[in-house]
Amino acid sequence: MESKKIKIGLIGLGTVGSGVYKTLQSFDNIEIVKIAVKNKNKKRNIEGLDENIITDNPYEVVEDPEIDIVCELIGGMEPAFDLIEKAIKNGKHIVTANKELLAKRGVEIFDIAEAYNRVILYEAAVAGGIPIIMPVKTILAGNKISKIEAILNGTTNYILTKMDVQGASYDDVLKEAQELGYAETDPTGDVEGFDAAYKITTLATLAFKKRINLENVYREGITKVRAEDMNAANDLGYKIKLIASAKMDENGYADVRVHPMLISNQSTLAHINYVTNAVSLTGHPVGHITLSGPGAGEFPTASSVVGDILSIAAELGTTDYLLPMMRCNHKEIANCINILDTQNKYYLSINAKNHKGVIGNIGNICAENNISLESIVQKNVSDNKTADITVITELCLEKDMQNAVKAFEQSEFINKVNSLIRVQV
Ligand SMILES: NC(=O)c1ccc[n+]([C@@H]2O[C@H](COP(=O)([O-])OP(=O)(O)OC[C@H]3O[C@@H](n4cnc5c(N)ncnc54)[C@H](OP(=O)(O)O)[C@@H]3O)[C@@H](O)[C@H]2O)c1
């Protein structure tokens, strides 16, 4: 007797949707019965695609009584939220890759899913093809996770790697990345750290079993990182990466953020280059682990989406309460620490007048603001009688550093603070 096929509805047949469609072709127990797209007339280079199941009305997918699982692969907030909500209320399980929606309205979506006894799986929404959501929820469930440091955005990692390798400026590398299709025409979501912030919000929520509000996630992009900073970092034994991090302190305060960081050459993350992503996680009892791989792209992302589909499909019809470990059952909102109250090490590049007493002046300003220095190096005395001075501090409070930067900018010895980048500890 032939077993019942699991019926899938796809909403979106772009980069990810196409990869999912092609991958699912080899699974006999799965049937894609409807696909929604925006433009029905678009030429699609997908072998064997049945045009008859394509619609430009995504509500036909969420309202189709035949469909068991709806895959939302259009991205953005609306109509994605409304479609998922209606699909759940119509009894569908959901697979999505939509990091923005999860970070901004995950709380509501998961509550609706629980109320209707449906599951939402979203492996592809964090780090594309790297399996991290499922491991954190299942095989790592016995851990108390204290820290995550991750490279979660391929575009920015590509730009920073190219700047490092070529010694080129941010603007030049961004232009090249856009020409090669590694960066969008409007790159804001990537280069200003929004994309990584959405992903770390979701990952930290799972890791700490408390909901992190996106508004409490500090975010700074890579647009101010200079080729000179890359060189200085190299001289000091570091690489500069856009790091999404999450820490939980002993008092239960979460510190979740995205910003450029000097990463020691001894660290695995320093060697994650171009579009590759990686997640380093510290927990007890596992210790320290790093997973790395493709964070985006048609097939890597499809790998995660299809894995989620098959997990749901395997349990459909076998139980009234599917995948209990994959559900979002933490309701408590995490207390988050303000960036101003965090302790960090800093790299500072200061352009100073080439006068006697400059180094002393920098040291005094730091001391007045409770900042101790690990190293201070003067370089590049230029024809206009200015010099770039590179400083690495010891651990100090962000608010003290912000006050020190204001004082540097008012000092008669100093022209400007070129860069302020936090250093991995
Ligand atoms: N691309 C990646 O590598 C990657 C990695 C991880 C996660 N994601 C996430 O996966 C999702 C999809 O990304 P993508 O790169 O595949 O996007 P994409 O290439 O732009 O594809 C979007 C698809 O959605 C369809 N669509 C848009 N609005 C629609 C609407 N209102 N009704 C019906 N269909 C609609 C489009 O139709 P047309 O084809 O007719 O335009 C297209 O097929 C996003 O949430 C993204 O953040 C992407």
# chains A, B, ... in the order shown; residues from 1 in each chain; ligands from 1
call {"tool": "residues_around", "arguments": {"residues": "A:Ser311", "least_positions_apart": "5", "cutoff": "12 Å", "atoms": "only C-alpha atoms", "output": "PyMOL selection string"}}
result
chain A and resi 6+30+69+93-95+119-123+134+304-306+316+322-326
call {"tool": "residues_near_ligand", "arguments": {"ligand": "ligand 1", "cutoff": "6 Å", "atoms": "only C-alpha atoms and all ligand atoms", "output": "ChimeraX atom specification"}}
result
/A:11-17,36-40,56,58,73-75,97-99,124-125,128,296-298,301
call {"tool": "write_last_selection", "arguments": {"atoms": "C-alpha atoms", "output": "compact mmCIF listing (two decimals), in the first residue's frame"}}
result
# COMPACT_ATOMS: atom_id res chain seq x y z
CA ILE A 11 5.39 30.74 -0.76
CA GLY A 12 8.34 32.16 -2.68
CA LEU A 13 10.36 30.61 -5.49
CA GLY A 14 13.41 32.88 -5.46
CA THR A 15 16.94 31.88 -4.42
CA VAL A 16 15.87 29.75 -1.45
CA GLY A 17 12.50 28.58 -2.83
CA ALA A 36 3.04 31.25 -4.74
CA VAL A 37 5.22 33.84 -6.46
CA LYS A 38 4.90 37.55 -7.01
CA ASN A 39 5.23 37.55 -10.79
CA LYS A 40 3.71 34.52 -12.54
CA ASP A 56 0.36 34.80 -7.66
CA PRO A 58 -0.19 33.40 -1.65
CA LEU A 73 10.26 31.95 1.68
CA ILE A 74 9.40 35.50 0.63
CA GLY A 75 11.06 37.42 3.49
CA ALA A 97 13.82 31.32 6.64
CA ASN A 98 12.60 34.79 7.64
CA LYS A 99 15.06 36.16 10.22
CA ALA A 124 17.59 28.51 7.67
CA ALA A 125 16.92 31.84 9.40
CA GLY A 128 21.85 29.55 6.36
CA ALA A 296 23.58 31.64 2.52
CA GLY A 297 22.97 30.57 -1.07
CA GLU A 298 20.40 28.49 -2.92
CA THR A 301 19.86 27.37 2.69
call {"tool": "closest_residue", "arguments": {"among": "A:Glu31, A:Glu100, A:Asp111, A:Glu250", "to": "A:Glu66", "atoms": "only C-alpha atoms"}}
result
A:Glu31
call {"tool": "closest_residue", "arguments": {"among": "A:Thr390, A:Asn329, A:Thr201, A:Ser146", "to": "A:Met248", "atoms": "only C-alpha atoms"}}
result
A:Ser146
call {"tool": "atom_distance", "arguments": {"atom1": "atom CA of A:Asn415", "atom2": "atom CA of A:Thr393"}}
result
20.0 Å
call {"tool": "select_by_dssp", "arguments": {"residues": "stretch 40-261 of chain A", "states": "strand (DSSP E or B)", "output": "compact mmCIF listing (two decimals) with all heavy atoms, in the first residue's frame"}}
result
# COMPACT_ATOMS: atom_id res chain seq x y z
N ILE A 54 1.46 26.96 -9.96
CA ILE A 54 1.96 28.29 -9.56
C ILE A 54 0.81 29.29 -9.52
O ILE A 54 -0.01 29.36 -10.43
CB ILE A 54 3.08 28.76 -10.51
CG1 ILE A 54 4.27 27.80 -10.39
CG2 ILE A 54 3.51 30.18 -10.18
CD1 ILE A 54 5.48 28.18 -11.19
N THR A 55 0.79 30.09 -8.46
CA THR A 55 -0.21 31.12 -8.30
C THR A 55 0.47 32.42 -7.91
O THR A 55 1.58 32.40 -7.35
CB THR A 55 -1.25 30.74 -7.22
OG1 THR A 55 -2.10 31.86 -6.98
CG2 THR A 55 -0.60 30.35 -5.90
N ILE A 69 2.12 21.45 5.31
CA ILE A 69 3.22 22.32 5.75
C ILE A 69 3.35 23.48 4.77
O ILE A 69 3.45 23.27 3.55
CB ILE A 69 4.57 21.55 5.77
CG1 ILE A 69 4.47 20.31 6.67
CG2 ILE A 69 5.70 22.47 6.25
CD1 ILE A 69 5.68 19.35 6.53
N VAL A 70 3.36 24.71 5.32
CA VAL A 70 3.59 25.89 4.48
C VAL A 70 5.01 26.39 4.71
O VAL A 70 5.44 26.58 5.84
CB VAL A 70 2.57 27.02 4.83
CG1 VAL A 70 2.99 28.34 4.19
CG2 VAL A 70 1.17 26.64 4.37
N CYS A 71 5.74 26.58 3.60
CA CYS A 71 7.10 27.13 3.66
C CYS A 71 7.05 28.58 3.25
O CYS A 71 6.80 28.87 2.07
CB CYS A 71 7.98 26.43 2.65
SG CYS A 71 8.73 25.03 3.27
N GLU A 72 7.32 29.47 4.18
CA GLU A 72 7.32 30.91 3.85
C GLU A 72 8.73 31.31 3.47
O GLU A 72 9.62 31.34 4.32
CB GLU A 72 6.79 31.71 5.06
CG GLU A 72 6.72 33.20 4.82
CD GLU A 72 8.05 33.92 5.02
OE1 GLU A 72 8.63 33.80 6.12
OE2 GLU A 72 8.50 34.57 4.08
N HIS A 93 1.55 23.46 9.64
CA HIS A 93 2.84 23.68 10.29
C HIS A 93 3.65 24.58 9.37
O HIS A 93 3.41 24.62 8.16
CB HIS A 93 3.54 22.34 10.52
CG HIS A 93 2.77 21.45 11.45
ND1 HIS A 93 2.76 21.63 12.81
CD2 HIS A 93 1.95 20.40 11.20
CE1 HIS A 93 1.99 20.71 13.36
NE2 HIS A 93 1.46 19.96 12.40
N ILE A 94 4.62 25.29 9.98
CA ILE A 94 5.35 26.31 9.22
C ILE A 94 6.84 26.04 9.21
O ILE A 94 7.43 25.71 10.24
CB ILE A 94 5.14 27.72 9.88
CG1 ILE A 94 3.66 28.05 10.08
CG2 ILE A 94 5.88 28.81 9.11
CD1 ILE A 94 2.87 28.25 8.81
N VAL A 95 7.43 26.24 8.03
CA VAL A 95 8.89 26.31 7.93
C VAL A 95 9.20 27.67 7.30
O VAL A 95 8.59 28.04 6.29
CB VAL A 95 9.46 25.17 7.06
CG1 VAL A 95 10.97 25.34 6.88
CG2 VAL A 95 9.16 23.82 7.70
N THR A 96 10.10 28.42 7.92
CA THR A 96 10.44 29.74 7.39
C THR A 96 11.93 29.99 7.47
O THR A 96 12.63 29.39 8.31
CB THR A 96 9.65 30.85 8.14
OG1 THR A 96 10.03 32.13 7.61
CG2 THR A 96 9.92 30.84 9.63
N ILE A 120 6.67 25.81 14.33
CA ILE A 120 7.36 26.68 13.36
C ILE A 120 8.84 26.31 13.43
O ILE A 120 9.45 26.42 14.50
CB ILE A 120 7.24 28.17 13.74
CG1 ILE A 120 5.78 28.57 13.88
CG2 ILE A 120 7.97 29.04 12.73
CD1 ILE A 120 5.60 30.01 14.32
N LEU A 121 9.40 25.85 12.33
CA LEU A 121 10.82 25.54 12.31
C LEU A 121 11.53 26.56 11.41
O LEU A 121 10.96 27.02 10.42
CB LEU A 121 11.08 24.12 11.83
CG LEU A 121 10.47 22.99 12.67
CD1 LEU A 121 11.00 21.63 12.21
CD2 LEU A 121 10.75 23.16 14.15
N LYS A 144 24.30 24.75 29.83
CA LYS A 144 24.07 26.14 30.19
C LYS A 144 24.99 26.94 29.28
O LYS A 144 26.22 26.90 29.42
CB LYS A 144 24.44 26.35 31.66
CG LYS A 144 23.95 27.63 32.25
CD LYS A 144 24.17 27.58 33.76
CE LYS A 144 24.08 28.92 34.44
NZ LYS A 144 22.99 29.77 34.15
N ILE A 145 24.41 27.59 28.29
CA ILE A 145 25.23 28.33 27.32
C ILE A 145 25.51 29.72 27.88
O ILE A 145 24.60 30.45 28.25
CB ILE A 145 24.52 28.40 25.95
CG1 ILE A 145 24.38 26.97 25.38
CG2 ILE A 145 25.29 29.29 24.98
CD1 ILE A 145 23.55 26.87 24.12
N SER A 146 26.78 30.06 27.97
CA SER A 146 27.15 31.35 28.57
C SER A 146 27.59 32.37 27.52
O SER A 146 27.52 33.57 27.75
CB SER A 146 28.27 31.15 29.59
OG SER A 146 29.34 30.43 28.99
N LYS A 147 28.03 31.88 26.36
CA LYS A 147 28.59 32.84 25.39
C LYS A 147 28.47 32.32 23.96
O LYS A 147 28.70 31.13 23.71
CB LYS A 147 30.06 33.05 25.74
CG LYS A 147 30.78 34.07 24.91
CD LYS A 147 32.17 34.27 25.50
CE LYS A 147 33.07 35.04 24.58
NZ LYS A 147 34.44 35.14 25.09
N ILE A 148 28.12 33.23 23.06
CA ILE A 148 28.14 32.92 21.62
C ILE A 148 28.92 34.05 20.94
O ILE A 148 28.70 35.23 21.25
CB ILE A 148 26.72 32.89 21.02
CG1 ILE A 148 25.88 31.77 21.65
CG2 ILE A 148 26.75 32.72 19.51
CD1 ILE A 148 24.41 31.86 21.31
N GLU A 149 29.82 33.69 20.05
CA GLU A 149 30.45 34.69 19.18
C GLU A 149 30.34 34.14 17.77
O GLU A 149 30.70 32.97 17.55
CB GLU A 149 31.93 34.90 19.54
CG GLU A 149 32.09 35.88 20.68
CD GLU A 149 33.54 36.15 21.05
OE1 GLU A 149 34.43 35.38 20.65
OE2 GLU A 149 33.76 37.14 21.75
N ALA A 150 29.82 34.95 16.85
CA ALA A 150 29.52 34.38 15.54
C ALA A 150 29.74 35.37 14.41
O ALA A 150 29.63 36.58 14.59
CB ALA A 150 28.06 33.91 15.53
N ILE A 151 30.04 34.80 13.25
CA ILE A 151 30.05 35.57 12.00
C ILE A 151 28.80 35.12 11.26
O ILE A 151 28.73 33.97 10.80
CB ILE A 151 31.34 35.29 11.19
CG1 ILE A 151 32.55 35.83 11.97
CG2 ILE A 151 31.25 35.91 9.79
CD1 ILE A 151 33.89 35.47 11.37
N ARG A 211 13.45 35.32 26.18
CA ARG A 211 13.28 36.10 24.95
C ARG A 211 14.09 37.39 24.99
O ARG A 211 14.03 38.15 25.94
CB ARG A 211 11.79 36.42 24.77
CG ARG A 211 11.04 35.19 24.32
CD ARG A 211 9.56 35.39 24.26
NE ARG A 211 8.93 34.24 23.61
CZ ARG A 211 7.64 34.02 23.58
NH1 ARG A 211 6.80 34.84 24.17
NH2 ARG A 211 7.15 32.97 22.96
N TYR A 218 22.49 45.83 20.84
CA TYR A 218 23.34 46.92 20.35
C TYR A 218 23.84 46.57 18.95
O TYR A 218 24.23 45.43 18.71
CB TYR A 218 24.52 47.14 21.31
CG TYR A 218 25.44 48.22 20.81
CD1 TYR A 218 25.14 49.56 21.00
CD2 TYR A 218 26.62 47.89 20.12
CE1 TYR A 218 25.98 50.55 20.51
CE2 TYR A 218 27.46 48.87 19.63
CZ TYR A 218 27.13 50.20 19.83
OH TYR A 218 27.97 51.17 19.35
N ARG A 219 23.83 47.56 18.06
CA ARG A 219 24.19 47.27 16.66
C ARG A 219 25.06 48.37 16.07
O ARG A 219 24.75 49.55 16.22
CB ARG A 219 22.91 47.14 15.84
CG ARG A 219 23.10 46.83 14.37
CD ARG A 219 21.77 46.95 13.63
NE ARG A 219 21.09 48.20 13.94
CZ ARG A 219 21.42 49.37 13.45
NH1 ARG A 219 22.42 49.50 12.61
NH2 ARG A 219 20.76 50.47 13.81
N TYR A 238 45.81 40.55 15.09
CA TYR A 238 44.35 40.41 15.05
C TYR A 238 43.83 40.49 13.61
O TYR A 238 44.51 40.98 12.72
CB TYR A 238 43.68 41.56 15.81
CG TYR A 238 43.95 41.61 17.29
CD1 TYR A 238 44.99 42.40 17.81
CD2 TYR A 238 43.14 40.92 18.19
CE1 TYR A 238 45.22 42.48 19.17
CE2 TYR A 238 43.37 40.99 19.56
CZ TYR A 238 44.40 41.78 20.04
OH TYR A 238 44.62 41.86 21.38
N LYS A 239 42.56 40.06 13.43
CA LYS A 239 41.78 40.35 12.23
C LYS A 239 40.55 41.14 12.67
O LYS A 239 40.12 41.01 13.82
CB LYS A 239 41.29 39.06 11.55
CG LYS A 239 42.41 38.19 11.00
CD LYS A 239 43.04 38.79 9.77
CE LYS A 239 44.22 37.96 9.29
NZ LYS A 239 45.16 38.73 8.47
N ILE A 240 39.99 41.93 11.75
CA ILE A 240 38.75 42.64 12.10
C ILE A 240 37.58 41.92 11.44
O ILE A 240 37.58 41.68 10.23
CB ILE A 240 38.80 44.12 11.65
CG1 ILE A 240 39.98 44.83 12.34
CG2 ILE A 240 37.48 44.82 11.99
CD1 ILE A 240 40.16 46.28 11.94
N LYS A 241 36.59 41.55 12.25
CA LYS A 241 35.40 40.82 11.77
C LYS A 241 34.15 41.49 12.33
O LYS A 241 34.21 42.10 13.41
CB LYS A 241 35.43 39.37 12.26
CG LYS A 241 36.64 38.56 11.79
CD LYS A 241 36.47 38.17 10.33
CE LYS A 241 37.62 37.33 9.81
NZ LYS A 241 37.50 37.12 8.36
N LEU A 242 33.02 41.35 11.61
CA LEU A 242 31.75 41.79 12.19
C LEU A 242 31.24 40.63 13.04
O LEU A 242 30.88 39.58 12.51
CB LEU A 242 30.72 42.14 11.11
CG LEU A 242 29.40 42.67 11.69
CD1 LEU A 242 29.58 44.05 12.32
CD2 LEU A 242 28.30 42.74 10.63
N ILE A 243 31.23 40.84 14.34
CA ILE A 243 30.90 39.76 15.26
C ILE A 243 29.53 40.00 15.89
O ILE A 243 29.25 41.09 16.42
CB ILE A 243 31.98 39.64 16.38
CG1 ILE A 243 33.35 39.32 15.77
CG2 ILE A 243 31.58 38.61 17.43
CD1 ILE A 243 33.47 37.95 15.11
N ALA A 244 28.71 38.99 15.83
CA ALA A 244 27.44 39.00 16.57
C ALA A 244 27.70 38.18 17.83
O ALA A 244 28.16 37.05 17.74
CB ALA A 244 26.35 38.34 15.73
N SER A 245 27.46 38.79 18.98
CA SER A 245 27.79 38.07 20.21
C SER A 245 26.64 38.13 21.21
O SER A 245 25.79 39.03 21.15
CB SER A 245 29.07 38.64 20.84
OG SER A 245 28.84 39.95 21.29
N ALA A 246 26.64 37.15 22.09
CA ALA A 246 25.62 37.10 23.15
C ALA A 246 26.27 36.48 24.38
O ALA A 246 26.92 35.44 24.28
CB ALA A 246 24.43 36.26 22.69
N LYS A 247 26.13 37.17 25.51
CA LYS A 247 26.69 36.64 26.76
C LYS A 247 25.63 36.73 27.84
O LYS A 247 24.79 37.63 27.82
CB LYS A 247 27.90 37.47 27.20
CG LYS A 247 29.19 37.03 26.58
CD LYS A 247 30.36 37.83 27.11
CE LYS A 247 30.65 39.00 26.20
NZ LYS A 247 31.64 39.92 26.62
N MET A 248 25.68 35.81 28.78
CA MET A 248 24.77 35.88 29.93
C MET A 248 25.65 35.94 31.17
O MET A 248 26.50 35.08 31.35
CB MET A 248 23.87 34.64 29.93
CG MET A 248 22.84 34.58 31.04
SD MET A 248 21.68 35.98 31.05
CE MET A 248 20.43 35.44 29.91
N TYR A 253 21.90 38.90 33.45
CA TYR A 253 21.78 39.97 32.46
C TYR A 253 22.40 39.53 31.14
O TYR A 253 23.55 39.07 31.11
CB TYR A 253 22.45 41.25 32.95
CG TYR A 253 21.54 42.05 33.86
CD1 TYR A 253 21.40 41.71 35.21
CD2 TYR A 253 20.79 43.11 33.35
CE1 TYR A 253 20.54 42.41 36.04
CE2 TYR A 253 19.92 43.80 34.17
CZ TYR A 253 19.80 43.46 35.51
OH TYR A 253 18.93 44.15 36.30
N ALA A 254 21.66 39.69 30.06
CA ALA A 254 22.16 39.31 28.73
C ALA A 254 22.82 40.52 28.07
O ALA A 254 22.36 41.66 28.22
CB ALA A 254 21.01 38.81 27.87
N ASP A 255 23.89 40.25 27.36
CA ASP A 255 24.62 41.28 26.61
C ASP A 255 24.66 40.78 25.16
O ASP A 255 25.41 39.87 24.84
CB ASP A 255 26.03 41.40 27.22
CG ASP A 255 26.93 42.34 26.44
OD1 ASP A 255 26.46 42.95 25.46
OD2 ASP A 255 28.11 42.45 26.83
N VAL A 256 23.78 41.34 24.33
CA VAL A 256 23.64 40.84 22.95
C VAL A 256 23.96 42.00 22.00
O VAL A 256 23.39 43.08 22.14
CB VAL A 256 22.22 40.29 22.69
CG1 VAL A 256 22.13 39.65 21.31
CG2 VAL A 256 21.81 39.29 23.76
N ARG A 257 24.85 41.78 21.06
CA ARG A 257 25.29 42.89 20.21
C ARG A 257 25.90 42.43 18.89
O ARG A 257 26.27 41.28 18.74
CB ARG A 257 26.30 43.74 20.95
CG ARG A 257 27.13 43.00 21.96
CD ARG A 257 28.31 43.81 22.33
NE ARG A 257 28.60 43.83 23.74
CZ ARG A 257 29.77 44.24 24.21
NH1 ARG A 257 30.70 44.67 23.41
NH2 ARG A 257 30.00 44.24 25.51
N VAL A 258 26.00 43.43 18.01
CA VAL A 258 26.67 43.22 16.72
C VAL A 258 27.57 44.42 16.50
O VAL A 258 27.09 45.56 16.54
CB VAL A 258 25.64 43.16 15.57
CG1 VAL A 258 26.35 43.10 14.21
CG2 VAL A 258 24.71 41.97 15.72
N HIS A 259 28.85 44.20 16.32
CA HIS A 259 29.75 45.30 15.96
C HIS A 259 31.06 44.73 15.43
O HIS A 259 31.38 43.56 15.66
CB HIS A 259 29.97 46.25 17.14
CG HIS A 259 30.46 45.60 18.40
ND1 HIS A 259 31.67 44.96 18.49
CD2 HIS A 259 29.89 45.49 19.62
CE1 HIS A 259 31.84 44.51 19.72
NE2 HIS A 259 30.76 44.78 20.42
N PRO A 260 31.85 45.57 14.75
CA PRO A 260 33.16 45.10 14.32
C PRO A 260 34.01 44.79 15.55
O PRO A 260 33.83 45.44 16.59
CB PRO A 260 33.75 46.29 13.55
CG PRO A 260 32.62 47.20 13.29
CD PRO A 260 31.62 46.97 14.36
N MET A 261 34.91 43.83 15.42
CA MET A 261 35.72 43.46 16.57
C MET A 261 37.10 43.01 16.10
O MET A 261 37.22 42.36 15.06
CB MET A 261 35.03 42.31 17.32
CG MET A 261 35.54 42.09 18.72
SD MET A 261 34.81 40.59 19.43
CE MET A 261 33.50 41.27 20.38
